file run.txt (compact mmCIF, C-alpha atoms)
# COMPACT_ATOMS: atom_id res chain seq x y z
CA MET C 1 52.67 -17.26 0.88
CA ASP C 2 53.00 -17.02 4.65
CA VAL C 3 53.33 -20.52 6.10
CA PHE C 4 50.46 -19.97 8.52
CA GLU C 5 48.17 -18.79 5.74
CA ALA C 6 48.88 -22.07 3.95
CA LEU C 7 48.37 -24.12 7.12
CA TYR C 8 45.14 -22.44 8.14
CA THR C 9 43.47 -22.24 4.72
CA THR C 10 44.45 -25.55 3.09
CA ARG C 11 41.11 -27.31 3.33
CA ALA C 12 39.22 -29.82 1.24
CA MET C 13 38.28 -28.15 -2.06
CA ARG C 14 36.17 -30.68 -3.95
CA ARG C 15 34.43 -28.31 -6.34
CA VAL C 16 36.98 -27.20 -8.91
CA LYS C 17 37.11 -25.82 -12.44
CA GLU C 18 38.00 -27.90 -15.48
CA ASP C 19 40.86 -25.58 -16.42
CA PRO C 20 44.11 -27.54 -16.84
CA ILE C 21 46.92 -27.01 -14.35
CA PRO C 22 50.23 -25.93 -15.94
CA ASP C 23 53.01 -28.50 -15.92
CA ASN C 24 55.35 -26.29 -13.91
CA ILE C 25 52.83 -26.14 -11.07
CA ILE C 26 52.32 -29.92 -11.13
CA LYS C 27 56.10 -30.37 -11.02
CA SER C 28 56.30 -28.01 -8.05
CA MET C 29 53.61 -29.97 -6.19
CA ILE C 30 55.38 -33.30 -6.67
CA ASP C 31 58.82 -31.87 -5.92
CA SER C 32 57.42 -30.45 -2.67
CA ALA C 33 55.88 -33.82 -1.83
CA ILE C 34 59.17 -35.71 -1.99
CA ARG C 35 60.80 -33.22 0.41
CA ALA C 36 58.63 -34.53 3.24
CA PRO C 37 60.06 -36.70 6.03
CA SER C 38 60.38 -40.36 5.11
CA GLY C 39 60.89 -43.23 7.57
CA SER C 40 64.62 -44.09 7.54
CA ASN C 41 64.70 -42.00 4.36
CA ARG C 42 63.64 -45.10 2.45
CA GLN C 43 61.26 -43.11 0.22
CA ASN C 44 59.15 -46.14 -0.60
CA TRP C 45 56.62 -44.07 -2.44
CA LYS C 46 55.38 -43.48 -5.96
CA PHE C 47 53.19 -40.67 -7.25
CA LEU C 48 51.11 -41.33 -10.33
CA VAL C 49 50.00 -38.09 -11.98
CA VAL C 50 46.88 -38.38 -14.14
CA THR C 51 45.86 -35.62 -16.53
CA ASP C 52 44.71 -37.69 -19.53
CA LYS C 53 40.98 -37.23 -20.11
CA ASN C 54 40.30 -40.83 -21.14
CA ILE C 55 42.04 -42.25 -18.09
CA ARG C 56 40.22 -39.80 -15.84
CA GLU C 57 36.93 -40.99 -17.34
CA LYS C 58 37.78 -44.61 -16.49
CA LEU C 59 38.80 -43.71 -12.95
CA SER C 60 35.65 -41.63 -12.61
CA ASN C 61 33.51 -44.72 -13.24
CA ILE C 62 35.36 -46.57 -10.47
CA TYR C 63 35.09 -43.62 -8.13
CA ARG C 64 31.33 -43.26 -8.60
CA GLU C 65 30.85 -46.98 -8.06
CA THR C 66 32.84 -47.01 -4.83
CA TRP C 67 31.30 -43.75 -3.63
CA ASP C 68 27.79 -45.12 -4.12
CA TYR C 69 28.75 -48.24 -2.16
CA TYR C 70 30.29 -46.14 0.62
CA ILE C 71 27.43 -43.67 0.96
CA ASN C 72 24.80 -46.42 0.91
CA SER C 73 26.69 -48.30 3.63
CA PHE C 74 26.92 -45.11 5.68
CA LEU C 75 23.24 -44.34 5.34
CA ASN C 76 22.28 -47.90 6.23
CA SER C 77 24.43 -47.81 9.35
CA ALA C 78 22.88 -44.47 10.25
CA LYS C 79 19.45 -46.11 10.20
CA ASP C 80 20.64 -48.76 12.67
CA PRO C 81 19.47 -47.71 16.17
CA GLY C 82 22.57 -49.32 17.65
CA ALA C 83 24.96 -47.45 15.37
CA SER C 84 26.37 -43.97 15.65
CA SER C 85 23.58 -42.43 13.62
CA LEU C 86 22.79 -38.95 12.43
CA LYS C 87 19.95 -38.86 14.97
CA LYS C 88 22.53 -38.73 17.76
CA GLN C 89 24.13 -35.59 16.33
CA ASN C 90 23.04 -32.07 17.16
CA ASP C 91 21.47 -29.86 14.51
CA LYS C 92 24.72 -28.04 13.78
CA ASP C 93 26.62 -31.31 13.26
CA ILE C 94 23.87 -32.68 11.02
CA GLU C 95 24.02 -29.56 8.84
CA THR C 96 27.81 -29.88 8.59
CA ILE C 97 27.54 -33.55 7.65
CA ARG C 98 24.90 -32.73 5.04
CA ARG C 99 27.00 -29.93 3.54
CA ILE C 100 30.11 -32.08 3.31
CA SER C 101 28.09 -34.96 1.90
CA ASN C 102 26.69 -32.71 -0.82
CA SER C 103 30.20 -31.52 -1.66
CA ALA C 104 31.51 -35.09 -1.77
CA SER C 105 28.60 -36.15 -3.96
CA TRP C 106 29.41 -33.29 -6.35
CA LEU C 107 32.94 -34.65 -6.63
CA ALA C 108 31.63 -38.14 -7.35
CA GLU C 109 29.40 -36.85 -10.12
CA ASN C 110 32.06 -34.59 -11.62
CA TYR C 111 35.18 -36.64 -10.96
CA HIS C 112 35.95 -36.89 -14.68
CA LYS C 113 36.07 -33.09 -14.91
CA VAL C 114 38.78 -32.69 -12.27
CA PRO C 115 41.88 -31.72 -14.28
CA LEU C 116 44.47 -33.39 -12.08
CA LEU C 117 44.54 -36.58 -10.03
CA VAL C 118 47.58 -37.64 -8.04
CA LEU C 119 47.63 -41.20 -6.74
CA ALA C 120 49.98 -41.76 -3.81
CA LEU C 121 51.30 -45.29 -3.39
CA SER C 122 53.69 -46.89 -0.93
CA ARG C 123 55.14 -50.29 -0.10
CA ASN C 124 57.12 -52.01 2.64
CA ASP C 125 55.58 -49.66 5.19
CA PRO C 126 53.93 -51.67 7.98
CA THR C 127 52.18 -48.62 9.44
CA GLY C 128 51.22 -47.11 6.11
CA SER C 129 51.90 -43.67 7.54
CA SER C 130 55.11 -42.46 5.90
CA ILE C 131 53.30 -41.37 2.75
CA TYR C 132 51.00 -38.87 4.48
CA PRO C 133 53.54 -36.12 5.26
CA ALA C 134 54.37 -36.20 1.54
CA ILE C 135 50.69 -35.92 0.65
CA TRP C 136 50.28 -32.96 2.98
CA ASN C 137 53.35 -31.29 1.48
CA LEU C 138 51.79 -31.70 -1.95
CA MET C 139 48.52 -30.15 -0.78
CA LEU C 140 50.29 -27.21 0.88
CA ALA C 141 52.32 -26.59 -2.27
CA ALA C 142 49.11 -26.67 -4.31
CA ARG C 143 47.60 -24.09 -1.95
CA GLY C 144 50.61 -21.86 -2.54
CA HIS C 145 49.81 -21.95 -6.26
CA GLY C 146 46.11 -21.26 -5.71
CA ILE C 147 45.15 -24.87 -6.43
CA GLY C 148 42.43 -26.55 -4.38
CA THR C 149 42.92 -30.17 -3.34
CA CYS C 150 41.05 -32.95 -1.61
CA LEU C 151 42.43 -36.16 -0.13
CA THR C 152 40.20 -39.15 -0.77
CA THR C 153 40.64 -42.86 -0.08
CA VAL C 154 37.39 -44.03 -1.67
CA MET C 155 39.03 -45.82 -4.61
CA SER C 156 41.10 -47.90 -2.20
CA PHE C 157 38.05 -50.18 -2.01
CA GLU C 158 38.63 -51.15 -5.65
CA THR C 159 42.39 -51.15 -6.02
CA GLU C 160 42.43 -54.05 -8.49
CA LYS C 161 40.31 -52.08 -10.95
CA VAL C 162 42.40 -48.96 -10.42
CA PHE C 163 45.64 -50.88 -10.89
CA GLU C 164 44.31 -52.39 -14.12
CA VAL C 165 43.39 -49.00 -15.57
CA LEU C 166 46.78 -47.52 -14.68
CA ASN C 167 48.93 -50.59 -15.42
CA ILE C 168 50.17 -50.71 -11.82
CA PRO C 169 51.76 -54.12 -11.13
CA ASN C 170 49.77 -56.21 -8.67
CA ASP C 171 52.72 -58.34 -7.63
CA LYS C 172 55.13 -55.64 -6.42
CA GLY C 173 53.52 -54.88 -3.07
CA TRP C 174 52.25 -51.42 -3.87
CA THR C 175 49.41 -50.01 -1.76
CA LEU C 176 47.13 -47.22 -2.94
CA ASN C 177 47.10 -44.94 0.10
CA ALA C 178 45.12 -42.03 -1.29
CA THR C 179 44.14 -40.00 -4.30
CA ILE C 180 44.47 -36.23 -4.30
CA THR C 181 42.10 -34.36 -6.58
CA ALA C 182 43.30 -30.93 -7.68
CA GLY C 183 42.02 -27.94 -9.62
CA TYR C 184 41.35 -24.23 -9.43
CA PRO C 185 38.58 -23.93 -6.83
CA LEU C 186 35.06 -22.77 -7.52
CA GLY C 187 34.70 -21.77 -3.88
CA LYS C 188 36.58 -19.31 -1.67
CA TRP C 189 39.55 -19.87 0.58
CA GLY C 190 39.01 -19.52 4.29
CA VAL C 191 39.74 -20.95 7.72
CA ALA C 192 37.71 -24.08 8.36
CA GLU C 193 35.51 -24.09 11.44
CA ARG C 194 36.98 -26.28 14.15
CA LYS C 195 36.29 -27.17 17.77
CA PRO C 196 38.25 -25.04 20.27
CA VAL C 197 41.72 -26.30 21.14
CA ASP C 198 40.69 -26.83 24.78
CA ASP C 199 37.98 -29.27 23.65
CA VAL C 200 40.41 -31.63 21.96
CA THR C 201 43.64 -31.24 23.94
CA TYR C 202 44.84 -32.68 27.25
CA LEU C 203 47.94 -31.53 29.14
CA ASN C 204 50.42 -34.11 30.47
CA THR C 205 47.76 -36.70 31.44
CA TRP C 206 44.53 -37.92 29.85
CA GLY C 207 41.54 -35.93 30.97
CA ASN C 208 43.58 -32.97 32.23
CA LYS C 209 42.17 -30.25 30.02
CA THR C 210 44.11 -27.22 28.91
CA ASN C 211 42.94 -23.75 29.77
CA TRP C 212 44.32 -21.83 26.84
CA ASN C 213 41.05 -20.07 25.97
CA LEU C 214 41.60 -20.31 22.23
CA GLU C 215 38.02 -19.77 21.13
CA GLN C 216 39.21 -18.16 17.90
CA PRO C 217 42.05 -19.24 15.60
CA LEU C 218 45.38 -17.53 16.27
CA TRP C 219 45.67 -16.72 12.56
CA ASN C 220 42.82 -15.03 10.71
CA TYR C 221 42.32 -15.01 6.94

call {"tool": "encode", "arguments": {"input": "run.txt", "output": "structure tokens"}}
result
Amino acid sequence: MDVFEALYTTRAMRRVKEDPIPDNIIKSMIDSAIRAPSGSNRQNWKFLVVTDKNIREKLSNIYRETWDYYINSFLNSAKDPGASSLKKQNDKDIETIRRISNSASWLAENYHKVPLLVLALSRNDPTGSSIYPAIWNLMLAARGHGIGTCLTTVMSFETEKVFEVLNIPNDKGWTLNATITAGYPLGKWGVAERKPVDDVTYLNTWGNKTNWNLEQPLWNY
């Protein structure tokens, strides 16, 4: 796959089929992940691959619990006049938020059906950032194999429960940075809608906007 096709079309794919992912593809995803840059090449990461149905069921219960807590907290804050609420968004933004929320809720309800979960853990990383290039490598590799992925940090709210289910030692300093859900997508690949480059980029100094006139992506699917 062309590198720009992978970069432009690797987006959150929460709705996926239950079909299992072949072992050789899973191996390719993980092998790609560990090729990412690592601070001082310390490679203080672990990847826990979960395909077992019973374990996925247990993690699904935790995910739904934490998702319900998260979404209720979000909705409550949205009702607060002093908070950054949905009322302050324009109609287009509200529709986008609603669409993504529906997709995320589908994942919460069907988490146990997702055929592959990859938990990314790190330790001795004060910034907590070295793991994310590896995660992105994994997601790009999955895209190359036609696998849809989604990065979620929801279960990080209940790491003790997650660690107990997966027998992860609590006394070794491991941090659950993210979970990547993966499966063959039910939806279609495409370039995600984004704000124009000029809207989010400054040149040399803060506030000095670019004038690149990139209203459309430079790569089209």

call {"tool": "atom_distance", "arguments": {"input": "run.txt", "atom1": "CA of His145 (chain C)", "atom2": "CA of Met29 (chain C)"}}
result
8.9 Å

call {"tool": "closest_residue", "arguments": {"input": "run.txt", "among": "C:Val200, C:Val16, C:Val191, C:Ile55", "to": "Asn167 (chain C)", "atoms": "all atoms listed in the file"}}
result
C:Ile55

call {"tool": "closest_residue", "arguments": {"input": "run.txt", "among": "C:Pro115, C:Gly207, C:Gly183, C:Pro126", "to": "Met139 (chain C)", "atoms": "only C-alpha atoms"}}
result
C:Gly183

call {"tool": "residues_near_point", "arguments": {"input": "run.txt", "point": "(40.6, -34.3, -5.3)", "cutoff": "12 Å", "atoms": "only C-alpha atoms", "output": "ChimeraX atom specification"}}
result
/C:11-17,50,56,60,63,103-104,106-108,110-119,135,138-139,142,147-155,178-185

call {"tool": "axis_aligned_box", "arguments": {"input": "run.txt", "around": "region 203-211 of chain C", "padding_each_side": "4 Å", "output": "lines of an AutoDock Vina configuration file"}}
result
center_x = 46.0
center_y = -30.8
center_z = 30.6
size_x = 16.9
size_y = 22.2
size_z = 11.3

call {"tool": "closest_residue", "arguments": {"input": "run.txt", "among": "C:Trp206, C:Asp2, C:Gly128, C:Ile26", "to": "Leu48 (chain C)", "atoms": "all atoms listed in the file"}}
result
C:Ile26

call {"tool": "atom_distance", "arguments": {"input": "run.txt", "atom1": "CA of Glu18 (chain C)", "atom2": "CA of Lys53 (chain C)"}}
result
10.8 Å

call {"tool": "atom_distance", "arguments": {"input": "run.txt", "atom1": "CA of Trp136 (chain C)", "atom2": "CA of Ala33 (chain C)"}}
result
7.4 Å

call {"tool": "closest_residue", "arguments": {"input": "run.txt", "among": "C:Asn137, C:Ser156, C:Asn102, C:Asn177", "to": "Arg35 (chain C)", "atoms": "only C-alpha atoms"}}
result
C:Asn137

call {"tool": "closest_residue", "arguments": {"input": "run.txt", "among": "C:Ser28, C:Thr10, C:Ser105, C:Gln216", "to": "Thr66 (chain C)", "atoms": "only C-alpha atoms"}}
result
C:Ser105

call {"tool": "closest_residue", "arguments": {"input": "run.txt", "among": "C:Glu164, C:Asp31, C:Asp19, C:Asp198", "to": "Lys58 (chain C)", "atoms": "all atoms listed in the file"}}
result
C:Glu164

call {"tool": "residues_near_point", "arguments": {"input": "run.txt", "point": "(45.3, -23.4, 26.7)", "cutoff": "10 Å", "atoms": "only C-alpha atoms", "output": "list in words"}}
result
Pro196, Val197, Asp198, Asp199, Thr201, Tyr202, Leu203, Lys209, Thr210, Asn211, Trp212, Asn213, Leu214 and Glu215 of chain C

call {"tool": "residues_around", "arguments": {"input": "run.txt", "residues": "region 36-43 of chain C", "least_positions_apart": "2", "cutoff": "7 Å", "atoms": "all atoms listed in the file", "output": "tab-separated table (two decimals) with C-alpha atoms, in the frame of the given file"}}
result
chain	number	residue	atom	x	y	z
C	33	ALA	CA	55.88	-33.82	-1.83
C	34	ILE	CA	59.17	-35.71	-1.99
C	45	TRP	CA	56.62	-44.07	-2.44
C	130	SER	CA	55.11	-42.46	5.90
C	133	PRO	CA	53.54	-36.12	5.26
C	134	ALA	CA	54.37	-36.20	1.54
C	137	ASN	CA	53.35	-31.29	1.48
